[in-house]
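Student: Structure supplied as data-v3.csv; contents: CSV, C-alpha atoms.
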```csv
chain,number,residue,atom,x,y,z
A,16,MET,CA,0.0,0.0,0.0
A,17,ILE,CA,1.2,3.5,-0.8
A,18,GLY,CA,2.0,5.9,2.0
A,19,ILE,CA,0.1,3.9,4.7
A,20,THR,CA,1.4,1.6,7.3
A,21,SER,CA,-0.3,-1.7,7.8
A,22,SER,CA,-1.0,-1.1,11.5
A,23,VAL,CA,-2.7,2.3,10.8
A,24,PHE,CA,-4.8,0.6,8.1
A,25,TRP,CA,-6.0,-2.2,10.4
A,26,ILE,CA,-6.6,0.3,13.2
A,27,CYS,CA,-8.8,2.3,10.8
A,28,VAL,CA,-10.6,-0.8,9.6
A,29,GLY,CA,-11.3,-2.0,13.1
A,30,PHE,CA,-12.6,1.4,14.1
A,31,LEU,CA,-14.7,1.6,11.0
A,32,ALA,CA,-16.3,-1.8,11.6
A,33,ALA,CA,-16.9,-1.0,15.3
A,34,LEU,CA,-18.5,2.4,14.5
A,35,SER,CA,-20.7,1.1,11.8
A,36,ILE,CA,-22.0,-1.8,13.9
A,37,ALA,CA,-22.5,0.4,16.9
A,38,GLY,CA,-24.4,2.9,14.8
A,39,LEU,CA,-26.6,0.3,13.1
A,40,TYR,CA,-27.3,-1.4,16.4
A,41,CYS,CA,-28.2,2.0,17.9
A,42,ILE,CA,-30.7,2.7,15.1
A,43,PHE,CA,-32.4,-0.7,15.1
A,44,VAL,CA,-32.6,-1.2,18.9
A,45,SER,CA,-33.2,2.3,20.3
A,46,ASN,CA,-36.7,3.9,20.6
A,47,ASN,CA,-35.5,7.4,21.4
A,48,LEU,CA,-35.5,9.7,18.4
A,49,ILE,CA,-32.3,11.6,19.5
A,50,ARG,CA,-30.5,8.2,20.1
A,51,ILE,CA,-31.5,7.1,16.6
A,52,LEU,CA,-30.0,10.4,15.3
A,53,ILE,CA,-26.8,9.6,17.3
A,54,GLY,CA,-26.7,6.2,15.5
A,55,ILE,CA,-26.9,7.8,12.1
A,56,GLU,CA,-24.2,10.3,13.2
A,57,LEU,CA,-21.9,7.3,14.2
A,58,ILE,CA,-22.4,5.8,10.7
A,59,MET,CA,-21.6,9.2,9.1
A,60,LYS,CA,-18.4,9.4,11.0
A,61,ALA,CA,-17.5,5.9,9.8
A,62,ILE,CA,-18.1,7.0,6.2
A,63,THR,CA,-16.0,10.1,6.7
A,64,LEU,CA,-13.1,7.9,7.9
A,65,LEU,CA,-13.6,5.5,5.1
A,66,ILE,CA,-13.3,8.3,2.5
A,67,VAL,CA,-10.0,9.5,4.1
A,68,LEU,CA,-8.7,5.9,4.3
A,69,ILE,CA,-9.5,5.1,0.6
A,70,GLY,CA,-8.0,8.5,-0.4
A,71,LYS,CA,-4.8,7.6,1.4
A,72,MET,CA,-4.7,4.1,-0.1
A,73,ILE,CA,-4.9,5.4,-3.6
A,74,ASP,CA,-2.7,8.4,-2.7
A,75,LYS,CA,-5.3,11.0,-3.5
A,76,THR,CA,-5.5,12.6,0.0
A,77,ALA,CA,-6.3,16.1,-1.3
A,78,MET,CA,-9.3,14.9,-3.3
A,79,ALA,CA,-10.5,12.8,-0.3
A,80,GLN,CA,-10.2,15.9,2.0
A,81,ALA,CA,-12.2,18.0,-0.4
A,82,LEU,CA,-14.9,15.3,-0.4
A,83,VAL,CA,-14.8,15.0,3.4
A,84,ILE,CA,-15.3,18.8,3.8
A,85,ASN,CA,-18.3,18.6,1.5
A,86,PHE,CA,-19.6,15.6,3.5
A,87,ILE,CA,-19.1,17.5,6.8
A,88,VAL,CA,-21.2,20.4,5.6
A,89,PHE,CA,-24.0,18.0,4.5
A,90,GLU,CA,-23.7,16.3,7.9
A,91,VAL,CA,-24.3,19.5,9.8
A,92,PHE,CA,-27.2,20.4,7.5
A,93,PHE,CA,-28.8,17.0,8.1
A,94,ILE,CA,-28.3,17.1,11.9
A,95,THR,CA,-29.7,20.6,12.2
A,96,ILE,CA,-32.8,19.9,10.2
A,97,ALA,CA,-33.3,16.5,11.9
A,98,CYS,CA,-33.0,18.2,15.4
A,99,GLY,CA,-35.5,20.8,14.2
A,100,VAL,CA,-38.0,18.1,13.1
A,101,ILE,CA,-37.4,16.2,16.4
A,102,LEU,CA,-38.2,19.3,18.4
A,103,SER,CA,-41.3,19.9,16.3
A,104,ILE,CA,-42.4,16.3,17.0
A,105,TYR,CA,-41.7,16.8,20.7
A,106,LYS,CA,-43.8,20.0,20.8
A,107,HIS,CA,-46.7,18.1,19.2
A,108,THR,CA,-46.5,14.8,21.2
A,109,GLN,CA,-44.5,15.8,24.4
A,110,SER,CA,-42.4,12.6,23.8
A,111,LEU,CA,-39.3,11.4,22.0
A,112,ASP,CA,-40.3,7.7,22.3
A,113,VAL,CA,-41.1,6.3,18.8
A,114,ARG,CA,-43.6,3.8,20.3
A,115,LYS,CA,-45.5,6.6,22.1
A,116,ILE,CA,-45.5,8.8,19.0
A,117,MET,CA,-46.8,5.9,16.9
A,118,ASN,CA,-49.5,5.1,19.4
A,119,LYS,CA,-50.6,8.7,19.5
A,120,LYS,CA,-50.7,8.8,15.7
A,121,ASN,CA,-52.7,5.6,15.5
A,122,SER,CA,-55.2,6.8,18.1
A,123,GLU,CA,-55.6,10.1,16.2
A,124,VAL,CA,-56.2,8.3,13.0
A,125,SER,CA,-58.7,5.9,14.5
A,126,ASN,CA,-60.6,8.9,16.2
A,127,GLY,CA,-60.7,10.6,12.8
B,12,MET,CA,-11.5,4.8,20.4
B,13,ILE,CA,-13.7,1.8,19.9
B,14,LEU,CA,-14.9,2.1,23.6
B,15,ALA,CA,-15.9,5.7,22.9
B,16,GLY,CA,-18.1,4.5,20.0
B,17,PHE,CA,-19.7,1.8,22.2
B,18,TRP,CA,-20.2,4.3,25.0
B,19,THR,CA,-22.0,6.6,22.6
B,20,GLY,CA,-24.5,3.8,21.7
B,21,MET,CA,-24.9,2.4,25.2
B,22,ALA,CA,-24.8,5.4,27.6
B,23,ARG,CA,-27.8,5.8,29.9
B,24,SER,CA,-28.0,9.5,29.7
B,25,LEU,CA,-28.3,11.3,26.3
B,26,LEU,CA,-25.8,13.9,27.5
B,27,ARG,CA,-23.2,11.2,28.2
B,28,ALA,CA,-23.9,9.7,24.8
B,29,MET,CA,-23.2,13.1,23.3
B,30,ILE,CA,-19.9,13.4,25.2
B,31,GLY,CA,-19.1,10.0,23.8
B,32,LEU,CA,-19.9,11.2,20.3
B,33,ALA,CA,-17.5,14.1,20.8
B,34,ILE,CA,-14.8,11.8,22.0
B,35,THR,CA,-15.4,9.5,19.0
B,36,SER,CA,-15.0,12.6,16.7
B,37,ILE,CA,-11.7,13.4,18.5
B,38,ALA,CA,-10.5,9.8,17.9
B,39,ILE,CA,-11.4,10.1,14.2
B,40,VAL,CA,-9.5,13.4,14.1
B,41,ILE,CA,-6.4,11.6,15.5
B,42,LEU,CA,-6.7,8.9,12.8
B,43,MET,CA,-7.2,11.6,10.1
B,44,PHE,CA,-3.9,13.2,11.2
B,45,LEU,CA,-2.2,9.8,11.0
B,46,LEU,CA,-3.6,9.5,7.5
B,47,ASP,CA,-2.2,13.0,6.5
B,48,ALA,CA,-5.6,14.6,6.2
B,49,GLN,CA,-5.0,17.6,8.4
B,50,LEU,CA,-7.5,20.0,6.8
B,51,ALA,CA,-10.3,17.5,7.0
B,52,GLY,CA,-9.2,16.7,10.6
B,53,VAL,CA,-9.5,20.4,11.6
B,54,PHE,CA,-12.9,20.6,10.0
B,55,GLU,CA,-14.0,17.4,11.8
B,56,LEU,CA,-12.7,18.7,15.1
B,57,SER,CA,-14.3,22.1,14.9
B,58,VAL,CA,-17.6,21.2,13.2
B,59,CYS,CA,-18.4,17.6,14.3
B,60,ALA,CA,-16.8,17.6,17.7
B,61,GLY,CA,-17.9,21.1,18.5
B,62,LEU,CA,-20.9,22.4,16.5
B,63,ILE,CA,-22.8,19.1,16.3
B,64,THR,CA,-22.4,18.4,20.0
B,65,VAL,CA,-23.7,21.9,20.8
B,66,ILE,CA,-26.7,21.3,18.5
B,67,PHE,CA,-27.5,18.0,20.1
B,68,ILE,CA,-27.1,19.4,23.7
B,69,SER,CA,-29.4,22.3,22.8
B,70,THR,CA,-32.0,19.9,21.5
B,71,VAL,CA,-31.8,17.7,24.6
B,72,SER,CA,-32.0,20.8,26.9
B,73,VAL,CA,-35.3,21.9,25.3
B,74,THR,CA,-36.9,18.5,25.9
B,75,LYS,CA,-38.2,17.4,29.3
B,76,PRO,CA,-35.8,15.2,31.4
B,77,MET,CA,-37.1,11.9,32.7
B,78,ASN,CA,-38.0,11.3,36.3
B,79,ASN,CA,-36.2,8.8,38.5
B,80,LYS,CA,-38.8,6.0,38.0
B,81,GLU,CA,-38.6,6.4,34.2
B,82,ILE,CA,-34.8,6.4,34.4
B,83,ILE,CA,-34.7,3.1,36.4
B,84,GLU,CA,-37.2,1.4,34.0
B,85,ARG,CA,-35.3,2.7,30.9
B,86,THR,CA,-32.0,1.5,32.4
B,87,GLU,CA,-33.3,-2.0,32.9
B,88,SER,CA,-34.7,-2.3,29.4
B,89,ARG,CA,-31.6,-0.7,27.9
B,90,ILE,CA,-29.3,-3.2,29.5
B,91,LYS,CA,-31.5,-6.0,28.1
B,92,ARG,CA,-31.5,-4.4,24.6
B,93,PHE,CA,-27.9,-3.3,24.4
B,94,TRP,CA,-25.9,-6.1,26.0
B,95,PRO,CA,-25.4,-8.0,22.6
B,96,LEU,CA,-23.7,-4.9,21.1
B,97,PRO,CA,-20.1,-5.7,22.2
B,98,LEU,CA,-20.6,-9.3,21.2
B,99,ILE,CA,-22.0,-8.4,17.8
B,100,SER,CA,-19.2,-5.9,17.3
B,101,ILE,CA,-16.5,-8.5,18.1
B,102,VAL,CA,-18.1,-11.1,15.8
B,103,GLY,CA,-18.7,-8.5,13.0
B,104,GLY,CA,-15.2,-7.1,13.4
B,105,SER,CA,-13.6,-10.6,13.3
B,106,LEU,CA,-15.7,-11.4,10.2
B,107,ILE,CA,-14.6,-8.1,8.4
B,108,TYR,CA,-11.0,-8.7,9.4
B,109,PHE,CA,-11.1,-12.3,8.1
B,110,LEU,CA,-12.8,-11.2,4.8
B,111,LEU,CA,-10.3,-8.4,4.2
B,112,SER,CA,-7.2,-10.4,5.1
B,113,GLN,CA,-8.2,-13.0,2.5
B,114,LYS,CA,-8.2,-10.4,-0.3
B,115,THR,CA,-5.1,-8.5,-1.6
B,116,ILE,CA,-5.8,-4.8,-1.7
B,117,THR,CA,-4.6,-3.4,-5.0
B,118,VAL,CA,-3.7,0.3,-5.3
B,119,LEU,CA,-3.0,2.5,-8.3
B,120,SER,CA,0.8,2.7,-8.4
B,121,ASN,CA,1.1,6.1,-10.3
B,122,ALA,CA,-1.9,7.8,-8.7
B,123,GLY,CA,-1.4,11.1,-7.0
B,124,VAL,CA,2.1,11.8,-8.3
B,125,ASN,CA,1.1,15.3,-9.5
B,126,GLU,CA,-1.9,15.7,-7.2
B,127,PRO,CA,-2.7,19.4,-6.6
B,128,ASP,CA,-3.2,20.9,-3.2
B,129,VAL,CA,-6.6,20.5,-1.4
B,130,ARG,CA,-7.3,24.2,-1.7
B,131,THR,CA,-6.7,24.1,-5.5
B,132,ILE,CA,-9.0,21.0,-5.8
B,133,LEU,CA,-11.7,22.7,-3.6
B,134,TRP,CA,-11.7,26.1,-5.4
B,135,ASN,CA,-10.8,25.1,-9.0
B,136,LEU,CA,-11.8,21.5,-9.6
B,137,ARG,CA,-14.8,21.1,-7.2
B,138,HIS,CA,-16.3,24.6,-7.4
B,139,LEU,CA,-19.7,23.1,-8.2
B,140,ASP,CA,-19.6,21.3,-4.9
B,141,LEU,CA,-19.0,24.7,-3.2
B,142,ILE,CA,-22.1,26.1,-4.9
B,143,GLY,CA,-24.0,23.0,-3.7
B,144,GLN,CA,-22.7,23.7,-0.2
B,145,ILE,CA,-24.0,27.2,-0.3
B,146,VAL,CA,-27.4,26.0,-1.4
B,147,ILE,CA,-27.4,23.4,1.4
B,148,VAL,CA,-26.5,26.0,4.0
B,149,ILE,CA,-29.2,28.4,2.8
B,150,ALA,CA,-31.8,25.6,2.6
B,151,GLY,CA,-30.8,24.5,6.2
B,152,ALA,CA,-31.1,28.1,7.5
B,153,PHE,CA,-34.6,28.5,5.9
B,154,GLY,CA,-35.6,25.0,7.1
B,155,VAL,CA,-34.7,25.8,10.7
B,156,LEU,CA,-36.4,29.2,10.4
B,157,ILE,CA,-39.6,27.6,9.2
B,158,LEU,CA,-39.6,24.9,11.8
B,159,PHE,CA,-39.0,27.2,14.7
B,160,ARG,CA,-41.6,29.7,13.4
B,161,GLU,CA,-44.1,26.9,13.4
B,162,ILE,CA,-43.2,25.9,16.9
B,163,LYS,CA,-43.5,29.6,18.1
B,164,ASN,CA,-46.9,30.0,16.4
B,165,LYS,CA,-48.2,26.8,18.2
```
Transcribe the structure of this file into structure tokens.

Tutor:
Amino acid sequence: MIGITSSVFWICVGFLAALSIAGLYCIFVSNNLIRILIGIELIMKAITLLIVLIGKMIDKTAMAQALVINFIVFEVFFITIACGVILSIYKHTQSLDVRKIMNKKNSEVSNG
Amino acid sequence: MILAGFWTGMARSLLRAMIGLAITSIAIVILMFLLDAQLAGVFELSVCAGLITVIFISTVSVTKPMNNKEIIERTESRIKRFWPLPLISIVGGSLIYFLLSQKTITVLSNAGVNEPDVRTILWNLRHLDLIGQIVIVIAGAFGVLILFREIKNK
């Protein structure tokens, strides 16, 4: 591999795998909306690291950094809007629990 | 580093999870510096470890905290739901390690010999991305304005 030591590569791969699994598990298991968002954020961080790692592997670090900067801007946009939507949901339902929100929605639909 | 990621997913309190997220960001920044991506690392440190944590903490502070009874109930159910996470991570990590170690990773031998600086790439080659970024920032600002106006009106 060009410009990258084997130990750094495997540390990054291990970290990537752990972050992705932790993020996915957080999304699938958690019922709290903010915790689900934290899971998405963990996966986004893993993707950021993956872009840098691949950029280093093919020796195109500058291009990878440009992509990462774009990705970080998108990440902030996504988190800000998602937090706004979560706050809006909280104001309507007084809860962040997905089950409670779904129950409330179902009861509203059944009541017409 | 991996522990910070697990702590983010498994922490009882949301605030602790956010501190874990910030620590995970810092760990990623260290790896970015090791991978010679200093500019991306600085962005990650200031924006992801700083700004996103502040946004999350602001969101949590607006919502109502749980009482003691709820906390105890949630803790019990969380332990039941989250205990397989380290186990799944170890199995998944071992699987990924095994699959990757079986393959030889090929790289382009002549790539990046005359690669321009990141600033040149960002301003000259990827300027359309910058326009996209500006549009995204404006859209985000308007989105937040509309959402908060709606909340205020209610």

Student: From the list B:Ala28, B:Ala38, B:Ala152, B:Met21, which residue is nearest A:Ala61 when using all atoms listed in the file?

Tutor: B:Ala38

Student: Need the shell around B:Val148: protein/DNA/RNA residues with any atom at most 10 Å away, counting only C-alpha atoms. Skip same-chain ones fewer than 3 positions apart. Format as a ChimeraX atom specification?

Tutor: /A:88-89,91-92 /B:142-145,151-154

Student: Can you work out which one of B:Val102, B:Leu111, B:Leu133, B:Ile13 has the shortest atom-to-atom distance to A:Gly38, counting all atoms listed in the file?

Tutor: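 Nearest to A:Gly38: B:Ile13.
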
Student: Hey, can you check how far atom CA of B:Ile101 sits from atom CA of B:Ala48?

Tutor: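 These atoms are spaced 28.2 Å apart.
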
Student: Just the number, please: distance in Å from atom CA of B:Asp47 to atom CA of A:Gly29, one decimal.

Tutor: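 Here the two named atoms are 18.7 Å from each other.
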
Student: Taking all atoms listed in the file into account, name the residue in B:Ser24, B:Ser69, B:Ser57, B:Ser100 that is nearest to chain A.

Tutor: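 Result for the nearest residue to chain A: B:Ser100.
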
Student: My list of candidates is B:Leu136, B:Ile157, B:Ala60, B:Val146. Which is closest to A:Met78 when distances are computed with all atoms listed in the file?

Tutor: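 Among B:Leu136, B:Ile157, B:Ala60, B:Val146, it is B:Leu136 that comes nearest to A:Met78.
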
Student: Identify which of the residues B:Ile37, B:Leu141, B:Val65, B:Leu32 lies closest to A:Gly54, counting only C-alpha atoms when measuring atom-to-atom distances.

Tutor: B:Leu32

Student: Could you state the separation of atom CA of B:Thr74 and atom CA of B:Ile39 in Å, given to one decimal place?

Tutor: 29.3 Å

Student: Skip A:Val23 itself and residues of its chain fewer than 3 positions away, then list as a list in words all residues within 10 Å of it, counting all atoms listed in the file.

Tutor: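 Selected residues are Ile19, Thr20, Ile26, Cys27, Val28, Gly29 and Leu68 of chain A; Leu42, Leu45 and Leu46 of chain B.
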